[in-house]
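Enquirer: Sending over my_file12.txt (compact mmCIF, C-alpha atoms).
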```txt
# COMPACT_ATOMS: atom_id res chain seq x y z
CA MET A 1 81.48 45.66 165.78
CA ILE A 2 79.09 48.60 165.67
CA TYR A 3 81.87 50.87 166.87
CA LEU A 4 84.15 49.50 164.17
CA GLU A 5 81.58 50.08 161.44
CA GLN A 6 81.16 53.68 162.51
CA THR A 7 84.84 54.34 162.25
CA LEU A 8 85.34 52.47 158.97
CA PHE A 9 82.68 54.55 157.21
CA LYS A 10 82.71 58.25 157.89
CA ILE A 11 81.46 61.61 156.66
CA VAL A 12 83.70 64.46 157.80
CA ASP A 13 83.74 68.22 157.35
CA THR A 14 87.49 68.61 157.77
CA PRO A 15 90.39 67.68 155.47
CA ILE A 16 90.90 63.93 155.06
CA VAL A 17 94.24 62.48 156.09
CA VAL A 18 94.81 59.63 153.64
CA GLU A 19 96.92 57.52 155.96
CA GLU A 20 94.28 57.62 158.68
CA VAL A 21 91.95 55.83 156.27
CA SER A 22 94.48 53.32 154.95
CA ASP A 23 95.67 52.52 158.49
CA LYS A 24 92.17 51.25 159.33
CA VAL A 25 92.43 48.39 156.84
CA LYS A 26 95.92 47.25 157.81
CA SER A 27 96.00 43.56 158.60
CA ARG A 28 98.62 40.89 159.11
CA ASN A 29 96.78 38.89 156.43
CA ALA A 30 96.97 41.71 153.90
CA GLY A 31 99.38 41.49 150.98
CA ALA A 32 98.02 44.65 149.35
CA ILE A 33 96.25 47.87 150.23
CA THR A 34 94.73 49.94 147.44
CA VAL A 35 93.88 53.57 148.14
CA PHE A 36 91.59 55.61 145.93
CA ILE A 37 91.80 59.37 146.42
CA GLY A 38 89.04 61.36 144.77
CA THR A 39 90.05 64.98 144.25
CA VAL A 40 88.35 68.15 143.06
CA ARG A 41 88.97 68.61 139.31
CA GLU A 42 89.26 72.08 137.85
CA LEU A 43 88.02 71.40 134.32
CA THR A 44 84.90 69.43 133.41
CA LYS A 45 84.19 69.33 129.68
CA GLY A 46 86.22 72.52 129.30
CA LYS A 47 84.31 74.38 131.98
CA LYS A 48 86.36 75.82 134.81
CA THR A 49 85.28 75.00 138.35
CA LEU A 50 86.33 77.48 141.03
CA SER A 51 85.28 75.39 144.01
CA LEU A 52 82.82 72.73 145.09
CA GLU A 53 80.39 72.18 147.90
CA TYR A 54 79.42 68.69 149.00
CA GLN A 55 76.25 68.14 150.99
CA ALA A 56 75.25 64.82 152.57
CA TYR A 57 72.25 63.25 154.23
CA GLU A 58 74.79 62.27 156.78
CA THR A 59 73.14 59.51 158.80
CA MET A 60 71.85 57.75 155.71
CA ALA A 61 75.14 58.29 153.87
CA VAL A 62 77.05 56.51 156.64
CA LYS A 63 74.55 53.63 156.49
CA LYS A 64 74.92 53.37 152.73
CA LEU A 65 78.72 53.43 152.95
CA ALA A 66 78.47 50.59 155.48
CA GLN A 67 76.13 48.78 153.09
CA ILE A 68 78.81 49.03 150.38
CA GLY A 69 81.20 47.51 152.93
CA ASP A 70 78.75 44.64 153.47
CA GLU A 71 78.40 44.11 149.72
CA ILE A 72 82.18 43.96 149.38
CA ASN A 73 82.42 41.47 152.23
CA GLU A 74 79.93 39.26 150.44
CA LYS A 75 81.70 39.43 147.10
CA TRP A 76 85.23 39.36 148.47
CA PRO A 77 85.15 37.95 152.02
CA GLU A 78 88.87 38.52 152.55
CA ALA A 79 88.73 42.26 151.79
CA ILE A 80 88.65 44.97 154.47
CA VAL A 81 87.33 48.37 153.38
CA ALA A 82 87.28 51.86 154.90
CA ILE A 83 85.72 54.93 153.30
CA THR A 84 85.78 58.59 154.35
CA HIS A 85 83.92 61.26 152.37
CA ARG A 86 84.27 64.95 153.04
CA VAL A 87 81.45 67.51 152.94
CA GLY A 88 81.39 71.31 152.89
CA ARG A 89 83.29 73.72 150.67
CA LEU A 90 86.30 72.25 148.87
CA ALA A 91 88.94 73.90 146.68
CA ILE A 92 90.55 72.54 143.52
CA SER A 93 92.75 69.50 144.29
CA ASP A 94 91.24 69.01 147.74
CA ILE A 95 90.48 65.41 148.65
CA ALA A 96 86.77 64.64 148.55
CA VAL A 97 86.84 60.91 149.22
CA VAL A 98 89.32 58.23 150.25
CA ILE A 99 88.65 54.52 149.86
CA ALA A 100 91.12 51.99 151.26
CA VAL A 101 90.85 48.25 150.69
CA SER A 102 93.20 45.59 151.96
CA SER A 103 93.27 41.94 150.98
CA PRO A 104 95.72 39.05 150.89
CA HIS A 105 96.23 39.55 147.14
CA ARG A 106 96.25 42.69 145.01
CA LYS A 107 93.56 41.78 142.46
CA VAL A 108 90.79 41.77 145.03
CA ALA A 109 92.07 45.01 146.56
CA TYR A 110 91.88 46.72 143.15
CA GLU A 111 88.51 45.27 142.18
CA ALA A 112 86.80 45.93 145.50
CA ASN A 113 88.11 49.49 145.54
CA GLU A 114 86.68 50.25 142.11
CA TYR A 115 83.39 48.62 143.11
CA ALA A 116 83.21 50.92 146.14
CA ILE A 117 83.56 54.17 144.16
CA GLU A 118 81.03 53.03 141.56
CA ARG A 119 78.50 52.20 144.30
CA ILE A 120 79.12 55.53 146.05
CA LYS A 121 78.08 57.23 142.84
CA GLN A 122 74.88 55.16 142.76
CA ILE A 123 73.47 54.90 146.26
CA VAL A 124 75.14 57.21 148.77
CA PRO A 125 73.14 60.41 149.39
CA ILE A 126 75.86 62.98 148.80
CA TRP A 127 75.51 65.88 146.37
CA LYS A 128 78.04 68.15 144.72
CA LYS A 129 77.48 71.78 143.84
CA GLU A 130 79.87 73.30 141.34
CA PHE A 131 80.78 76.98 141.53
CA TRP A 132 81.88 78.56 138.25
CA GLU A 133 82.81 82.09 137.28
CA ASP A 134 79.35 82.49 135.75
CA GLY A 135 77.15 80.53 138.10
CA THR A 136 76.52 77.46 140.21
CA MET A 137 74.77 74.14 139.84
CA TRP A 138 73.91 71.06 141.88
CA ILE A 139 75.33 68.24 139.80
CA GLY A 140 73.05 65.31 139.18
CA ASP A 141 69.87 67.29 138.77
CA GLN A 142 70.64 68.39 135.24
CA LEU A 143 72.37 67.14 132.14
CA GLU A 144 75.98 67.84 133.19
CA ASN A 145 76.14 64.42 134.76
CA THR A 146 73.66 61.59 134.91
CA PRO A 147 74.59 59.26 137.73
CA TYR A 148 71.44 57.20 137.37
CA GLN A 149 70.14 55.63 134.23
CA GLU A 150 66.57 56.83 133.71
CA GLY A 151 67.18 59.56 136.25
CA LYS A 152 67.14 57.31 139.29
CA PRO A 153 68.29 53.95 140.51
CA SER A 154 65.71 51.20 140.72
CA VAL A 155 64.84 50.36 144.29
CA GLU A 156 66.42 46.96 143.72
CA GLU A 157 69.63 48.61 142.61
CA SER A 158 69.73 50.84 145.65
CA LYS A 159 69.16 48.13 148.24
CA MET B 1 53.47 64.34 161.97
CA ILE B 2 55.71 63.35 159.07
CA LYS B 3 59.14 64.95 158.79
CA VAL B 4 60.35 65.71 155.25
CA LEU B 5 64.03 66.38 154.51
CA LEU B 6 65.20 68.29 151.45
CA PHE B 7 68.65 68.33 149.89
CA ALA B 8 70.66 69.94 147.12
CA HIS B 9 68.56 71.92 144.59
CA LEU B 10 65.32 70.97 146.37
CA ARG B 11 66.54 72.61 149.57
CA GLU B 12 67.54 75.77 147.71
CA LYS B 13 64.29 76.00 145.80
CA ALA B 14 62.16 75.47 148.91
CA GLY B 15 64.35 77.76 151.01
CA THR B 16 64.33 75.26 153.87
CA ASP B 17 65.94 71.93 154.69
CA GLU B 18 62.93 70.48 156.49
CA LEU B 19 59.15 70.48 156.20
CA THR B 20 56.57 68.95 158.49
CA VAL B 21 53.33 67.41 157.28
CA THR B 22 50.47 66.88 159.72
CA ASP B 23 47.23 64.89 159.54
CA GLN B 24 48.44 62.67 156.69
CA ASN B 25 49.11 59.43 158.53
CA GLY B 26 48.98 56.52 156.04
CA ILE B 27 49.54 58.61 152.91
CA ASN B 28 51.73 56.99 150.24
CA VAL B 29 54.90 58.54 148.85
CA LYS B 30 53.35 59.50 145.53
CA GLU B 31 50.47 61.28 147.26
CA LEU B 32 52.89 63.00 149.60
CA LYS B 33 54.95 64.26 146.65
CA ASN B 34 51.83 65.67 144.99
CA LEU B 35 50.69 67.29 148.24
CA LEU B 36 54.06 68.99 148.70
CA MET B 37 54.30 70.14 145.09
CA ASN B 38 50.83 71.69 145.42
CA ASN B 39 51.65 73.49 148.64
CA TYR B 40 55.24 74.58 148.28
CA ASP B 41 57.43 76.10 145.61
CA LEU B 42 59.18 72.83 144.81
CA PRO B 43 60.61 71.44 141.57
CA GLN B 44 59.12 68.32 140.03
CA LEU B 45 59.43 65.45 142.53
CA ASN B 46 58.03 62.62 140.43
CA GLN B 47 61.38 61.42 139.13
CA ILE B 48 63.13 61.81 142.46
CA MET B 49 64.01 58.87 144.68
CA THR B 50 62.58 58.74 148.17
CA ALA B 51 63.93 57.33 151.41
CA VAL B 52 61.74 56.60 154.40
CA ASN B 53 63.65 56.28 157.64
CA GLU B 54 66.89 56.18 155.63
CA GLU B 55 65.98 53.34 153.27
CA PHE B 56 65.06 53.76 149.60
CA VAL B 57 61.39 53.03 148.90
CA THR B 58 59.00 53.06 145.95
CA ASP B 59 56.25 55.64 145.39
CA GLU B 60 53.72 53.14 146.76
CA GLU B 61 55.31 53.03 150.22
CA ILE B 62 52.97 54.07 153.04
CA VAL B 63 54.22 56.83 155.32
CA ASN B 64 53.11 57.13 158.92
CA ASP B 65 53.34 59.76 161.62
CA GLY B 66 56.80 59.71 163.13
CA ASP B 67 58.46 58.69 159.85
CA THR B 68 61.22 60.74 158.27
CA VAL B 69 60.90 61.07 154.51
CA ALA B 70 63.86 62.30 152.48
CA PHE B 71 63.80 63.17 148.80
CA ILE B 72 67.05 62.03 147.22
CA PRO B 73 67.92 63.79 143.95
CA PRO B 74 70.38 61.88 141.73
CA VAL B 75 73.51 61.66 143.87
CA SER B 76 76.87 63.08 142.84
CA GLY B 77 79.33 62.15 145.55
CA GLY B 78 82.76 60.66 145.05
```
Now, as a test, write the supplied structure out as C-alpha cells.

Expert:
Amino acid sequence: MIYLEQTLFKIVDTPIVVEEVSDKVKSRNAGAITVFIGTVRELTKGKKTLSLEYQAYETMAVKKLAQIGDEINEKWPEAIVAITHRVGRLAISDIAVVIAVSSPHRKVAYEANEYAIERIKQIVPIWKKEFWEDGTMWIGDQLENTPYQEGKPSVEESK
Amino acid sequence: MIKVLLFAHLREKAGTDELTVTDQNGINVKELKNLLMNNYDLPQLNQIMTAVNEEFVTDEEIVNDGDTVAFIPPVSGG
C-alpha cells in the first residue's frame, strides 16, 4: 500500500504523460475517469507570462497530495485518485499538473477531481514563479494571487 | 541543532535554501521566527505558515533539536 501511495502521488521534474496518470486509476469498477490537466497560461490579467518555474518542498508535497487522496477516499469511498505535479522551468502550454479520478459513476469523478485541485491550491507546498518581459515574481507572496484567506490557511484547514 | 528550510521568495531573499540553528532546543515557532528575522536578511515571517517535520503547526509549537522547520509562504501550485 505504501508503494501504491508513492506512485499515485508524485512530484516530477520531467514532462508529464497524461495517460500514465489516468492509467493508474483504471478499475473494472470504474464507469468514468475524469482527467484535469493544468497548463501554463500566457496571459494573467492582461500581463504576458514568458515562462514559469515551480518549486516544491518535495517530501512534504507528496505527503500532502496523499492526504488529499485520503480526504477524497473519506468523502467518496468509491473514487480512486492519482496526482502528478511537475516542478522546474515550464513553458507556455506545458502541463503543470494532472489529476485523474475514477469512480463507478461520473458525478463523483467530476466532484472529487475539482476537490483535489482546490485542495492543492490550499495545502500542498508548491510555489510558482512567473517570468515576465519586465521582471519576475513568486506568486502567492504578493497581491497578484491570494491563495489563502487572511494570508494563510488556518492550521485546522491545512490538516 | 534545528534545520530550517526556506522556499520561494524567502529562499531568494536569504540567498540560501537552508539554515541551521544551534542551542535553541525547546524554542517555540514564534520565537524562532523572531530570532531568524533578527539575524538574517529575511522578509517578514509573522504571517507565514510553518511546518515542523512536514506537518503544519501553530506559532506556539515547540521545536527541538533534530526537528526540521519549514516556512511555507502562501502556496501557488496547480

Enquirer: So, counting only C-alpha atoms, which residue among A:Met60, A:Ile37, A:Val101, A:Val108 is closest to Gly78 (chain B)?

Expert: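 Comparing A:Met60, A:Ile37, A:Val101, A:Val108 against Gly78 (chain B), the winner is A:Ile37.
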
Enquirer: Would you mind listing, as a VMD selection string, all residues of chain A that have at least one atom within 6 Å of chain B, where only C-alpha atoms are what counts?

Expert: chain A and resid 60 97 121 125 to 128 140

Enquirer: How far is it from CA of Val29 (chain B) to CA of Glu53 (chain A), in Å with one decimal?

Expert: 28.9 Å

Enquirer: I'd like the neighbourhood of Pro104 (chain A) as a list in words, where a residue qualifies if any of its atoms comes within 10 Å (using only C-alpha atoms), though same-chain residues fewer than 6 positions away should be ignored.

Expert: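 Listed by chain and then number, they are Ser27, Arg28, Asn29, Ala30, Gly31, Ala32, Ile33, Glu78, Ala79 and Ile80 of chain A.
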
Enquirer: Of the candidates B:Ile62, B:Val52, B:Val69, B:Val4, which one gets nearest to Glu18 (chain B) if we count all atoms listed in the file?

Expert: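 The shortest atom-to-atom distance to Glu18 (chain B) comes from B:Val4.
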
Enquirer: CA of Asp70 (chain A) and CA of Gly38 (chain A) are how many Å apart?

Expert: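 Interatomic distance, CA of Asp70 (chain A) to CA of Gly38 (chain A): 21.5 Å.
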
Enquirer: Could you check which of A:Asn73, A:Thr84, A:Thr59, A:Thr7 is closest to Ala109 (chain A), using all atoms listed in the file?

Expert: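 So, comparing all the options, the nearest one is A:Asn73.
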
Enquirer: Which of these residues is nearest to Pro77 (chain A), using all atoms listed in the file: A:Ala112, A:Leu43, A:Ile120, A:Ala91?

Expert: A:Ala112

Enquirer: What is the distance between CA of Trp132 (chain A) and CA of Ala96 (chain A), in Å to one decimal?

Expert: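 A separation of 18.0 Å between them.
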
Enquirer: Point out the residue among B:Leu36, B:Ala14, B:Gln24, B:Lys3 with the least atom-to-atom distance to Asp67 (chain B), counting only C-alpha atoms.

Expert: B:Lys3

Enquirer: Considering all atoms listed in the file, return as an NGL selection string whatever protein or nucleic-acid residues lie within 9 Å of Asn25 (chain B), sequence-local ones (same chain, fewer than 2 positions apart) excluded.

Expert: :B and (1-2 or 22-23 or 27 or 62-66)

Enquirer: Would you mind exporting C-alpha atoms of the selected residues as a PDB file, in the coordinates of the input?

Expert:
```pdb
ATOM      1  CA  MET B   1      53.470  64.340 161.970  1.00  0.00           C
ATOM      2  CA  ILE B   2      55.710  63.350 159.070  1.00  0.00           C
ATOM      3  CA  THR B  22      50.470  66.880 159.720  1.00  0.00           C
ATOM      4  CA  ASP B  23      47.230  64.890 159.540  1.00  0.00           C
ATOM      5  CA  ILE B  27      49.540  58.610 152.910  1.00  0.00           C
ATOM      6  CA  ILE B  62      52.970  54.070 153.040  1.00  0.00           C
ATOM      7  CA  VAL B  63      54.220  56.830 155.320  1.00  0.00           C
ATOM      8  CA  ASN B  64      53.110  57.130 158.920  1.00  0.00           C
ATOM      9  CA  ASP B  65      53.340  59.760 161.620  1.00  0.00           C
ATOM     10  CA  GLY B  66      56.800  59.710 163.130  1.00  0.00           C
TER      11      GLY B  66
END
```
